[in-house]
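One file, entry.cif, carrying mmCIF, C-alpha atoms:
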data_coords
#
loop_
_atom_site.label_atom_id
_atom_site.label_comp_id
_atom_site.auth_asym_id
_atom_site.auth_seq_id
_atom_site.Cartn_x
_atom_site.Cartn_y
_atom_site.Cartn_z
CA MET A 1 63.63 272.26 108.92
CA ARG A 2 61.55 273.02 105.87
CA GLN A 3 63.59 273.93 102.85
CA PRO A 4 62.56 277.14 101.05
CA THR A 5 61.09 276.59 97.63
CA THR A 6 62.46 278.32 94.59
CA ARG A 7 60.13 279.69 91.93
CA ALA A 8 61.00 279.20 88.31
CA GLU A 9 62.04 282.35 86.53
CA GLY A 10 60.03 281.37 83.47
CA PRO A 11 59.84 278.79 80.73
CA PRO A 12 63.06 277.30 79.33
CA GLY A 13 64.88 279.30 76.68
CA ALA A 14 63.64 277.32 73.69
CA VAL A 15 60.03 277.36 74.87
CA ARG A 16 60.26 281.05 75.74
CA GLY A 17 61.53 281.80 72.24
CA TRP A 18 58.54 280.08 70.63
CA LEU A 19 56.14 281.82 73.02
CA ASP A 20 57.66 285.19 72.11
CA ALA A 21 57.26 284.39 68.41
CA LEU A 22 53.67 283.30 68.97
CA ALA A 23 52.97 286.58 70.79
CA VAL A 24 54.24 288.56 67.79
CA VAL A 25 52.11 286.62 65.31
CA LEU A 26 48.98 286.78 67.46
CA ALA A 27 49.42 290.50 68.03
CA GLY A 28 49.46 291.13 64.29
CA LEU A 29 46.49 288.89 63.54
CA VAL A 30 44.37 290.28 66.38
CA ALA A 31 45.10 293.90 65.41
CA MET A 32 44.32 293.26 61.74
CA ALA A 33 41.18 291.29 62.54
CA ALA A 34 39.86 294.00 64.86
CA VAL A 35 40.36 296.83 62.35
CA ALA A 36 39.07 294.77 59.42
CA ALA A 37 36.01 293.50 61.31
CA LEU A 38 34.98 297.00 62.34
CA GLY A 39 35.55 298.37 58.85
CA LEU A 40 33.59 295.56 57.19
CA TRP A 41 30.78 295.95 59.71
CA LEU A 42 30.55 299.65 58.93
CA ALA A 43 30.51 298.76 55.22
CA GLY A 44 27.52 296.49 55.79
CA ALA A 45 29.27 293.14 55.48
CA ASP A 46 27.52 291.90 58.63
CA ASP A 47 24.44 291.33 56.42
CA LEU A 48 26.20 288.77 54.26
CA PRO A 49 24.11 285.61 53.83
CA ASP A 50 24.94 282.07 54.91
CA GLY A 51 27.23 283.17 57.74
CA GLY A 52 29.80 284.54 55.34
CA PHE A 53 31.23 287.29 57.54
CA PRO A 54 34.08 285.22 59.10
CA SER A 55 35.17 284.05 55.66
CA VAL A 56 35.05 287.58 54.28
CA LEU A 57 37.10 288.74 57.26
CA ALA A 58 39.70 286.05 56.57
CA ALA A 59 39.79 287.07 52.90
CA THR A 60 40.35 290.71 53.89
CA LEU A 61 43.27 289.69 56.10
CA ALA A 62 44.72 287.69 53.21
CA LEU A 63 44.51 290.79 51.01
CA ALA A 64 46.08 292.90 53.77
CA VAL A 65 49.32 290.90 53.62
CA GLY A 66 49.50 291.07 49.84
CA GLY A 67 47.48 288.00 48.87
CA SER A 68 44.80 287.78 46.25
CA VAL A 69 41.20 286.58 46.30
CA LEU A 70 39.68 284.70 43.37
CA LEU A 71 35.99 284.34 42.55
CA ASP A 72 34.45 281.41 40.76
CA GLY A 73 31.10 279.75 40.31
CA GLY A 74 28.12 279.93 38.00
CA ALA A 75 25.03 277.94 37.08
CA GLY A 76 25.91 275.25 34.64
CA GLY A 77 26.27 276.47 31.06
CA PHE A 78 23.90 279.39 31.58
CA ALA A 79 25.92 281.47 34.01
CA ALA A 80 29.57 282.11 34.71
CA VAL A 81 31.73 284.12 37.04
CA GLY A 82 35.03 285.66 36.14
CA ALA A 83 36.70 287.60 38.87
CA GLY A 84 39.76 288.28 40.94
CA ILE A 85 41.01 290.96 43.27
CA SER A 86 44.50 292.00 44.25
CA ALA A 87 44.50 295.09 46.44
CA MET A 88 45.83 295.75 49.91
CA PRO A 89 43.48 297.31 52.49
CA LEU A 90 46.39 299.20 53.96
CA SER A 91 44.66 300.37 57.14
CA VAL A 92 44.48 296.72 58.12
CA SER A 93 48.07 296.12 57.01
CA VAL A 94 49.45 299.04 58.99
CA ALA A 95 47.58 298.01 62.14
CA GLY A 96 49.06 294.52 61.96
CA ALA A 97 52.56 295.74 61.17
CA VAL A 98 52.64 298.24 64.04
CA ALA A 99 51.32 295.68 66.53
CA MET A 100 53.87 293.06 65.48
CA ALA A 101 56.75 295.54 65.57
CA GLU A 102 55.75 296.82 69.01
CA VAL A 103 55.54 293.34 70.56
CA PHE A 104 58.80 292.27 68.89
CA LEU A 105 60.64 295.35 70.19
CA ARG A 106 59.25 295.01 73.71
CA GLN A 107 60.81 291.56 73.90
CA LEU A 108 64.21 293.18 73.22
CA ARG A 109 63.86 296.25 75.43
CA PHE A 110 66.71 297.50 77.64
CA ARG A 111 69.28 296.19 75.18
CA ALA A 112 71.69 298.21 73.07
CA VAL A 113 72.99 295.38 70.92
CA ALA A 114 71.89 291.84 70.15
CA GLY A 115 73.69 288.87 68.71
CA GLY A 116 73.07 288.10 65.08
CA GLY A 117 72.27 284.49 65.89
CA GLU A 118 69.67 285.51 68.46
CA LEU A 119 67.96 287.92 66.10
CA LEU A 120 67.92 285.38 63.29
CA GLY A 121 66.49 282.80 65.68
CA ARG A 122 63.71 285.14 66.80
CA ILE A 123 62.88 286.14 63.25
CA GLY A 124 63.04 282.54 62.03
CA ARG A 125 60.63 281.25 64.69
CA THR A 126 58.25 284.12 63.94
CA VAL A 127 58.42 283.36 60.22
CA LEU A 128 57.57 279.69 60.74
CA LEU A 129 54.54 280.49 62.90
CA TRP A 130 53.49 283.22 60.47
CA LEU A 131 53.56 280.79 57.55
CA LEU A 132 51.39 278.38 59.53
CA ALA A 133 48.96 281.21 60.31
CA LEU A 134 48.79 282.21 56.64
CA ALA A 135 48.08 278.63 55.60
CA LEU A 136 45.21 278.44 58.09
CA LEU A 137 43.99 281.84 56.91
CA THR A 138 43.72 280.67 53.31
CA LEU A 139 41.65 277.68 54.47
CA GLY A 140 39.20 280.00 56.24
CA ALA A 141 39.04 282.54 53.41
CA ARG A 142 36.57 280.63 51.23
CA HIS A 143 32.81 280.77 50.97
CA SER A 144 29.99 280.64 48.44
CA PHE A 145 26.75 282.59 48.06
CA VAL A 146 23.56 282.02 46.14
CA VAL A 147 22.86 285.16 44.13
CA PRO A 148 19.14 286.05 43.92
CA LEU A 149 17.79 286.76 40.43
CA GLY A 150 14.84 288.93 41.43
CA ASP A 151 11.38 288.53 42.92
CA ASP A 152 9.64 285.23 43.80
CA LEU A 153 8.42 284.66 40.23
CA ALA A 154 11.89 285.17 38.83
CA GLN A 155 13.30 282.82 41.45
CA SER A 156 10.75 280.14 40.54
CA ILE A 157 11.47 280.45 36.83
CA SER A 158 15.22 280.41 37.41
CA GLY A 159 14.87 277.33 39.60
CA ALA A 160 12.85 275.52 36.92
CA LEU A 161 15.51 276.39 34.33
CA GLY A 162 18.35 275.42 36.62
CA LEU A 163 19.53 279.03 36.79
CA THR A 164 20.51 279.37 40.44
CA PRO A 165 23.80 281.18 40.23
CA GLU A 166 26.32 280.60 42.98
CA VAL A 167 29.43 282.65 43.40
CA GLY A 168 32.26 281.58 45.64
CA PHE A 169 35.54 283.13 46.62
CA HIS A 170 38.78 281.77 47.98
CA ALA A 171 42.17 283.18 48.83
CA ASP A 172 44.89 282.10 46.44
CA GLY A 173 47.14 279.97 48.63
CA PRO A 174 50.57 280.32 46.95
CA THR A 175 50.17 284.07 46.46
CA THR A 176 48.94 284.70 49.99
CA VAL A 177 51.65 282.59 51.65
CA GLY A 178 54.47 283.76 49.39
CA ILE A 179 53.74 287.49 49.42
CA GLY A 180 52.62 287.26 53.05
CA LEU A 181 56.11 286.01 53.91
CA ALA A 182 57.67 288.91 52.01
CA TRP A 183 55.30 291.27 53.86
CA LEU A 184 56.53 290.02 57.24
CA LEU A 185 60.19 290.33 56.25
CA LEU A 186 59.50 293.88 55.07
CA VAL A 187 57.87 294.66 58.43
CA PHE A 188 61.05 293.50 60.19
CA ALA A 189 63.25 295.49 57.80
CA VAL A 190 61.25 298.70 58.34
CA THR A 191 61.22 298.13 62.10
CA PHE A 192 65.02 297.89 62.28
CA ALA A 193 65.42 300.81 59.87
CA VAL A 194 63.09 303.15 61.77
CA SER A 195 63.30 302.41 65.48
CA ARG A 196 66.20 303.19 67.82
CA ARG A 197 64.73 300.59 70.19
CA ALA A 198 65.66 297.81 67.76
CA PRO A 199 69.06 296.45 68.87
CA LEU A 200 71.46 295.54 66.10
CA PRO A 201 74.41 293.15 65.98
CA ARG A 202 77.68 294.91 66.77
CA ALA A 203 78.81 294.65 63.17
CA LEU A 204 75.80 296.69 62.03
CA VAL A 205 75.70 299.31 64.80
CA ARG A 206 77.85 301.75 62.83
CA TYR A 207 75.28 301.81 60.02
CA GLN A 208 72.35 302.88 62.17
CA LEU A 209 73.11 306.61 61.91
CA VAL A 210 73.28 306.22 58.12
CA VAL A 211 69.80 304.72 57.76
CA ARG A 212 67.66 305.50 60.77
CA PRO A 213 67.45 309.34 60.77
CA ALA A 214 66.03 309.55 57.23
CA ALA A 215 63.92 306.40 57.61
CA PHE A 216 62.34 307.64 60.83
CA ALA A 217 61.68 311.11 59.41
CA LEU A 218 59.91 309.74 56.35
CA TRP A 219 57.89 307.34 58.49
CA LEU A 220 56.67 310.43 60.37
CA VAL A 221 55.68 311.98 57.04
CA LEU A 222 53.55 308.93 56.20
CA LEU A 223 51.99 309.00 59.67
CA THR A 224 51.21 312.70 59.25
CA TYR A 225 49.36 311.96 56.02
CA LEU A 226 47.36 309.30 57.85
CA VAL A 227 46.41 311.79 60.56
CA ILE A 228 45.38 314.38 57.95
CA GLY A 229 43.38 311.76 56.08
CA ALA A 230 41.68 310.50 59.23
CA VAL A 231 40.68 314.01 60.31
CA THR A 232 39.39 314.74 56.80
CA GLY A 233 37.40 311.52 56.83
CA VAL A 234 35.80 312.25 60.18
CA LEU A 235 34.88 315.79 59.12
CA THR A 236 33.44 314.47 55.88
CA ALA A 237 31.35 311.95 57.81
CA ILE A 238 30.00 314.74 60.03
CA VAL A 239 29.34 317.32 57.30
CA HIS A 240 28.08 315.12 54.47
CA GLY A 241 26.43 312.35 56.46
CA ASN A 242 27.07 308.88 55.04
CA ALA A 243 29.09 308.32 58.20
CA ARG A 244 29.25 304.52 58.17
CA GLN A 245 30.56 304.26 54.62
CA THR A 246 33.10 307.06 55.12
CA LEU A 247 34.43 305.57 58.36
CA ALA A 248 34.58 302.17 56.65
CA VAL A 249 36.97 303.69 54.09
CA VAL A 250 39.09 305.10 56.92
CA LEU A 251 39.30 301.73 58.66
CA LEU A 252 39.97 299.72 55.52
CA ALA A 253 41.79 301.86 52.99
CA LEU A 254 42.95 305.19 54.47
CA PRO A 255 46.63 304.76 53.46
CA ASP A 256 45.50 303.67 49.97
CA LEU A 257 44.22 307.22 49.51
CA ALA A 258 46.49 309.28 51.79
CA TRP A 259 49.90 307.97 50.74
CA PRO A 260 49.38 308.37 46.98
CA ALA A 261 48.41 311.98 47.80
CA PHE A 262 51.95 312.45 49.13
CA ALA A 263 53.52 311.00 45.98
CA ILE A 264 51.16 312.91 43.69
CA GLY A 265 52.14 316.10 45.50
CA LEU A 266 55.71 315.38 44.43
CA GLY A 267 54.61 314.97 40.81
CA ALA A 268 54.00 311.23 40.63
CA GLU A 269 51.15 309.84 38.55
CA TRP A 270 48.93 306.79 38.61
CA HIS A 271 47.15 305.23 35.64
CA GLY A 272 43.66 304.00 36.44
CA ARG A 273 40.54 302.56 34.89
CA LEU A 274 37.08 302.13 36.41
CA VAL A 275 34.25 300.25 34.75
CA GLY A 276 30.94 299.94 36.57
CA VAL A 277 30.60 300.96 40.18
CA LEU A 278 32.35 299.84 43.35
CA GLY A 279 31.28 300.03 47.01
CA LEU A 280 32.41 302.94 49.13
CA PRO A 281 33.07 306.67 48.73
CA VAL A 282 36.44 308.02 47.61
CA PRO A 283 37.51 311.69 47.20
CA ALA A 284 35.38 313.36 44.56
CA PRO A 285 38.30 314.49 42.31
CA LEU A 286 39.66 310.94 42.12
CA SER A 287 36.24 309.54 41.30
CA ALA A 288 35.72 312.23 38.65
CA VAL A 289 39.06 311.50 36.96
CA LEU A 290 38.32 307.78 36.84
CA ARG A 291 34.84 308.46 35.47
CA THR A 292 36.23 310.49 32.57
CA SER A 293 38.30 307.54 31.35
CA ASP A 294 35.33 306.06 29.41
CA GLY A 295 36.70 302.60 29.99
CA GLY A 296 40.22 303.63 28.94
CA GLN A 297 43.23 304.58 31.01
CA ALA A 298 42.93 307.76 33.04
CA THR A 299 45.98 309.64 34.34
CA ILE A 300 45.74 310.57 38.00
CA GLY A 301 48.07 313.45 38.78
CA LEU A 302 48.08 316.97 40.13
CA GLY A 303 46.84 318.48 36.88
CA THR A 304 44.00 316.07 36.23
CA LEU A 305 42.80 316.18 39.84
CA ALA A 306 42.91 320.00 39.86
CA GLU A 307 40.73 320.09 36.73
CA HIS A 308 37.89 318.79 38.90
CA ASP A 309 38.82 320.46 42.19
CA ALA A 310 41.31 323.34 42.33
CA ARG A 311 42.05 322.53 45.98
CA SER A 312 44.07 319.56 44.73
CA TRP A 313 46.94 321.98 44.06
CA TRP A 314 47.44 322.12 47.83
CA LEU A 315 48.95 318.64 47.61
CA LEU A 316 52.13 320.22 46.20
CA PRO A 317 52.98 322.69 49.01
CA ILE A 318 51.87 320.23 51.70
CA ALA A 319 54.22 317.56 50.35
CA ALA A 320 57.07 320.06 49.97
CA VAL A 321 56.73 321.47 53.50
CA LEU A 322 56.44 318.06 55.15
CA LEU A 323 59.39 316.70 53.18
CA LEU A 324 61.52 319.71 54.13
CA ALA A 325 60.56 319.26 57.79
CA ALA A 326 61.50 315.59 57.53
CA ALA A 327 64.87 316.48 55.98
CA PHE A 328 65.57 318.94 58.80
CA LEU A 329 64.65 316.33 61.41
CA ALA A 330 66.84 313.72 59.75
CA ALA A 331 69.78 316.15 59.65
CA ARG A 332 69.30 317.09 63.28
CA ARG A 333 69.31 313.43 64.31
CA SER A 334 72.53 312.78 62.38
CA PRO A 335 76.04 313.56 63.67
CA ARG A 336 77.37 316.98 62.71
CA THR A 337 80.28 315.17 61.05
CA VAL A 338 77.96 314.04 58.25
CA ARG A 339 78.65 316.27 55.29
CA LEU A 340 75.86 318.18 53.58
CA ARG A 341 76.30 316.20 50.37
CA GLN A 342 76.12 312.90 52.25
CA HIS A 343 72.94 313.89 54.02
CA ALA A 344 71.32 315.04 50.76
CA VAL A 345 72.15 311.77 49.00
CA ARG A 346 70.94 309.64 51.91
CA PHE A 347 67.68 311.55 52.13
CA ALA A 348 67.19 311.33 48.36
CA LEU A 349 67.61 307.55 48.46
CA ALA A 350 65.22 307.25 51.41
CA THR A 351 62.58 309.39 49.67
CA ALA A 352 62.88 307.36 46.47
CA VAL A 353 62.49 304.07 48.37
CA THR A 354 59.48 305.46 50.24
CA VAL A 355 57.66 306.47 47.05
CA LEU A 356 58.57 303.14 45.46
CA LEU A 357 57.01 301.24 48.36
CA VAL A 358 53.93 303.47 48.33
CA GLY A 359 53.49 302.74 44.64
CA LEU A 360 53.85 298.99 45.09
CA TRP A 361 51.48 298.92 48.08
CA THR A 362 48.73 300.92 46.37
CA ARG A 363 48.42 298.90 43.16
CA VAL A 364 44.88 297.67 42.54
CA ASP A 365 43.74 295.01 40.09
CA ALA A 366 40.12 293.91 40.45
CA ASP A 367 37.72 292.41 37.96
CA TYR A 368 34.46 290.75 38.80
CA GLY A 369 31.21 289.96 37.10
CA LEU A 370 28.38 287.47 37.18
CA SER A 371 26.30 287.05 34.05
CA VAL A 372 23.52 284.80 32.84
CA LEU A 373 23.49 284.37 29.07
CA GLY A 374 25.59 287.52 28.87
CA VAL A 375 23.26 289.65 31.01
CA GLY A 376 24.72 291.10 34.22
CA LEU A 377 22.93 290.27 37.46
CA GLY A 378 22.10 292.35 40.48
CA ARG A 379 23.44 292.76 43.96
CA GLY A 380 25.37 290.38 46.14
CA GLY A 381 27.22 290.49 49.41
CA LEU A 382 30.58 289.74 47.82
CA GLY A 383 30.22 292.74 45.56
CA ASP A 384 29.92 294.83 48.69
CA LEU A 385 33.05 293.13 49.99
CA LEU A 386 34.96 294.12 46.87
CA GLY A 387 33.66 297.65 47.14
CA ALA A 388 34.54 297.81 50.82
CA VAL A 389 38.09 296.69 50.21
CA LEU A 390 38.69 298.80 47.12
CA GLY A 391 36.61 301.86 47.79
CA GLY A 392 34.23 303.10 45.16
CA ASP A 393 31.55 305.72 44.89
CA ASN A 394 28.29 303.79 44.96
CA PRO A 395 27.32 301.71 47.99
CA SER A 396 24.59 299.99 46.00
CA ALA A 397 27.04 298.38 43.62
CA GLY A 398 26.84 294.66 43.33
CA LEU A 399 27.93 291.76 41.20
CA GLY A 400 26.60 293.14 37.95
CA GLY A 401 30.19 293.50 36.76
CA GLY A 402 32.96 295.96 37.16
CA SER A 403 36.68 296.46 37.22
CA LEU A 404 39.14 298.82 38.81
CA THR A 405 42.84 299.14 38.10
CA LEU A 406 45.28 301.59 39.65
CA ARG A 407 48.95 301.37 38.73
CA PRO A 408 51.68 303.86 39.61
CA VAL A 409 54.01 305.17 36.93
CA LEU A 410 57.11 304.20 38.89
CA TRP A 411 59.66 305.03 36.22
CA THR A 412 58.83 308.73 36.68
CA ALA A 413 57.66 308.69 40.31
CA VAL A 414 60.89 307.29 41.78
CA PRO A 415 63.30 309.72 40.02
CA LEU A 416 61.03 312.64 40.92
CA ALA A 417 61.05 311.55 44.55
CA ALA A 418 64.84 311.28 44.49
CA GLY A 419 65.09 314.80 43.09
CA TRP A 420 62.79 316.18 45.77
CA GLY A 421 64.78 314.30 48.40
CA LEU A 422 68.05 315.72 47.12
CA LEU A 423 66.69 319.29 47.16
CA THR A 424 64.95 319.13 50.54
CA GLY A 425 67.82 317.09 52.00
CA THR A 426 70.25 319.86 51.11
CA LEU A 427 67.99 322.60 52.49
CA GLY A 428 67.23 320.60 55.64
CA ALA A 429 70.92 320.02 56.31
CA LEU A 430 71.62 323.75 55.87
CA LEU A 431 68.85 324.64 58.33
CA ALA A 432 70.13 322.10 60.81
CA THR A 433 73.65 323.56 60.95
CA ARG A 434 72.52 326.07 63.61
CA VAL A 435 70.94 323.55 65.98
CA ARG A 436 72.42 320.87 68.22
CA HIS A 437 72.57 317.46 66.60
CA ARG A 438 71.50 314.48 68.60
CA GLY A 439 74.23 312.49 66.90
CA GLU A 440 76.87 314.62 68.62
CA ALA A 441 76.24 312.73 71.84
CA THR A 442 76.83 309.40 70.14
CA GLU A 443 79.87 310.07 67.96
CA THR A 444 82.03 307.88 70.24
CA GLY A 445 79.95 304.88 69.24
CA HIS A 446 77.66 304.81 72.29
CA VAL A 447 74.22 303.58 71.33
CA PRO A 448 71.16 304.91 73.24
CA THR A 449 69.27 302.16 75.01
CA GLY A 450 65.93 303.80 75.45
CA GLY A 451 63.78 306.59 74.14
CA ALA A 452 61.19 306.80 71.48
CA ALA A 453 61.36 305.15 68.10
CA GLY A 454 63.56 306.76 65.51
#
Once more with this new file: its structure as structure tokens, please.
Amino acid sequence: MRQPTTRAEGPPGAVRGWLDALAVVLAGLVAMAAVAALGLWLAGADDLPDGGFPSVLAATLALAVGGSVLLDGGAGGFAAVGAGISAMPLSVSVAGAVAMAEVFLRQLRFRAVAGGGELLGRIGRTVLLWLLALALLTLGARHSFVVPLGDDLAQSISGALGLTPEVGFHADGPTTVGIGLAWLLLVFAVTFAVSRRAPLPRALVRYQLVVRPAAFALWLVLLTYLVIGAVTGVLTAIVHGNARQTLAVVLLALPDLAWPAFAIGLGAEWHGRLVGVLGLPVPAPLSAVLRTSDGGQATIGLGTLAEHDARSWWLLPIAAVLLLAAAFLAARRSPRTVRLRQHAVRFALATAVTVLLVGLWTRVDADYGLSVLGVGLGRGGLGDLLGAVLGGDNPSAGLGGGSLTLRPVLWTAVPLAAGWGLLTGTLGALLATRVRHRGEATETGHVPTGGAAG
């Protein structure tokens, strides 16, 4: 009699663990590559010479995880390049982070708790594959271009004089791998802080109602700013034309503009300096403030933005209302046994950490320039790359030289955020006293096993 065959349930445990880790890494890379490729294409990077688009795409992904891109080259003793860029295209970063978190959580679905050893094993395997991916990314993020000097006559003369400038770029390996590792660990930390679908070890379960309500509520605030920014960008593209460049900003750097608007609404400030011109359009008040710096440091805050557009004052009530709504949501998702003072302090800490992270993520340091005997030279594809990643206000900018710096004033921004969090946390807890708290159903220690994130 023929014996029935048994079908394997799946790969062995060790192999399955590595396949799960590979799925997480690939999900992040594919999501980031898709968003970055579309954004760069809209910015015109598909016209880069010498097949440079894949290398530019790799460089953009390196920037998205916190790396830096360096420029070098020249033409003997006649020409030189001095350049570097450190700025995160946060639309690309967010796409990768969300994709990785979603795949990681789906592998742990239907579970209320997980062993610490298992979680560390999953994270460790993902980290190892991620480091390998970053190393390969830095190898692909390098290319060189020949920069034209003008018409045919100028090209002939420059060739006879040996003035054929070349500019190359490459991702800085140690920075990209090191900060890229920190980026991944931060993605895991935020995932476990925000999502109820992330199972914790039993020893940490009791802390979830301390962290998750406020963390989830503030994550919704950041998402709301992204939605508002995306809608504004689409409307701007429709009303003012210039659709490709505007949508390129949305796909590459929307959080770089939307999230500082949240912090500025709370009173935070950035110091910035813009010399020359850089790629793609940014909000007119921001561009105007940077233009008035005359090469010095400009202060970007509610007052200075409102000097150029009175509608900037709306950033204050929008931030206040959204923060109060987040505080109410956090209080409602907490057990009623949490005292008002405890909720206010927790929400203040969460708001301060959120503004701190926004400030660190939106720092920009970029300097680039190609000169021959001290004279700046015209356009080049890599200049458009820098403009696409950073966002500027002149799509015709090139490698003639320029710099952009944006640095948050964290020593005032973080305390201001904590103060706002303390105030709105208190008011939100008071408003939530008359509604049912979701935490009331879990005071016995039962942990929900399903439902949405948060």
Q) So what do you get for CA of Ile300 in chain A versus CA of Ala95 in chain A, distance-wise? A) 27.3 Å
(Q) Report, in Å with one decimal, the straight-line distance from CA of Gln297 in chain A to CA of Ser312 in chain A. (A)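 Between CA of Gln297 in chain A and CA of Ser312 in chain A the gap is 20.3 Å.
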Q) What residues come out when you apply the PyMOL selection byres ((chain A and resi 257) around 10) to this file, written as an NGL selection string? A) :A and (90 or 225-226 or 229 or 249-250 or 253-256 or 258-262 or 282-283 or 286 or 362 or 391)
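Nearest residue to Leu38 in chain A among A:Leu406, A:Leu209, A:Leu251, A:Leu181 is A:Leu251, counting only C-alpha atoms.
Here CA of Ala248 in chain A is placed at a distance of 7.9 Å from CA of Trp41 in chain A.
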Q: Within 12 Å of Tyr207 in chain A, counting only C-alpha atoms, which residues show up once you throw out same-chain ones fewer than 4 positions away? Write them as a list of chain:residue names, please.
A: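 Residues meeting the cut-off are A:Phe192, A:Ala193, A:Leu200, A:Pro201, A:Arg202, A:Ala203, A:Val211, A:Arg212, A:Pro213, A:Ser334, A:Gly445, A:Val447.
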Q) Using only C-alpha atoms, which residue out of A:Ser403, A:Val231, A:Ala326, A:Arg106 lies closest to Gly296 in chain A? A)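 Going through A:Ser403, A:Val231, A:Ala326, A:Arg106 one by one, the smallest distance to Gly296 in chain A is for A:Ser403.
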Q: Around the point (41.7, 306.6, 34.4), in the coordinates given by the file, pick out the residues reaching within 12 Å, counting all atoms listed in the file, and return them as an MDAnalysis selection string.
A: chainID A and resid 269:275 285:301 304:305 403:408
Q. Any idea what's packed within 10 Å of range 217-222 of chain A, counting all atoms listed in the file, ignoring anything in its chain fewer than 3 positions away? Could you give it as an NGL selection string?
A. :A and (190 or 194 or 212-214 or 225-228 or 255 or 258-259 or 262 or 319 or 322-323 or 325-331 or 333 or 347 or 350-351 or 354 or 358 or 454)
Q: Identify which of the residues A:Leu108, A:Ala64, A:Leu132, A:Leu252 lies closest to Arg196 in chain A, counting only C-alpha atoms when measuring atom-to-atom distances.
A: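 Ranking A:Leu108, A:Ala64, A:Leu132, A:Leu252 by distance to Arg196 in chain A, first place goes to A:Leu108.
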Q. Between A:Ala348, A:Leu129, A:Val177, A:Met88, which one has atoms that come closest to Leu19 in chain A, using only C-alpha atoms?
A. A:Leu129
Q: Any chance you could resolve the PyMOL selection byres ((chain A and resi 244) around 9) against this file and give the residues as a list of chain:residue names?
A: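 Applied to this file, the PyMOL selection byres ((chain A and resi 244) around 9) returns A:Gly39, A:Trp41, A:Leu42, A:Ala43, A:Gly44, A:Ala237, A:Gly241, A:Asn242, A:Ala243, A:Gln245, A:Thr246, A:Leu247, A:Ala248, A:Val249.
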Q.
Given the PyMOL selection byres ((chain A and resi 417) around 10) and the file above, list the residues it selects as a list in words.
A.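 On this input, the PyMOL selection byres ((chain A and resi 417) around 10) captures Ala263, Leu266, Gly267, Ala268, Ala348, Leu349, Ala350, Thr351, Ala352, Val353, Thr354, Val355, Leu356, Thr412, Ala413, Val414, Pro415, Leu416, Ala418, Gly419, Trp420, Gly421, Leu422 and Leu423 of chain A.
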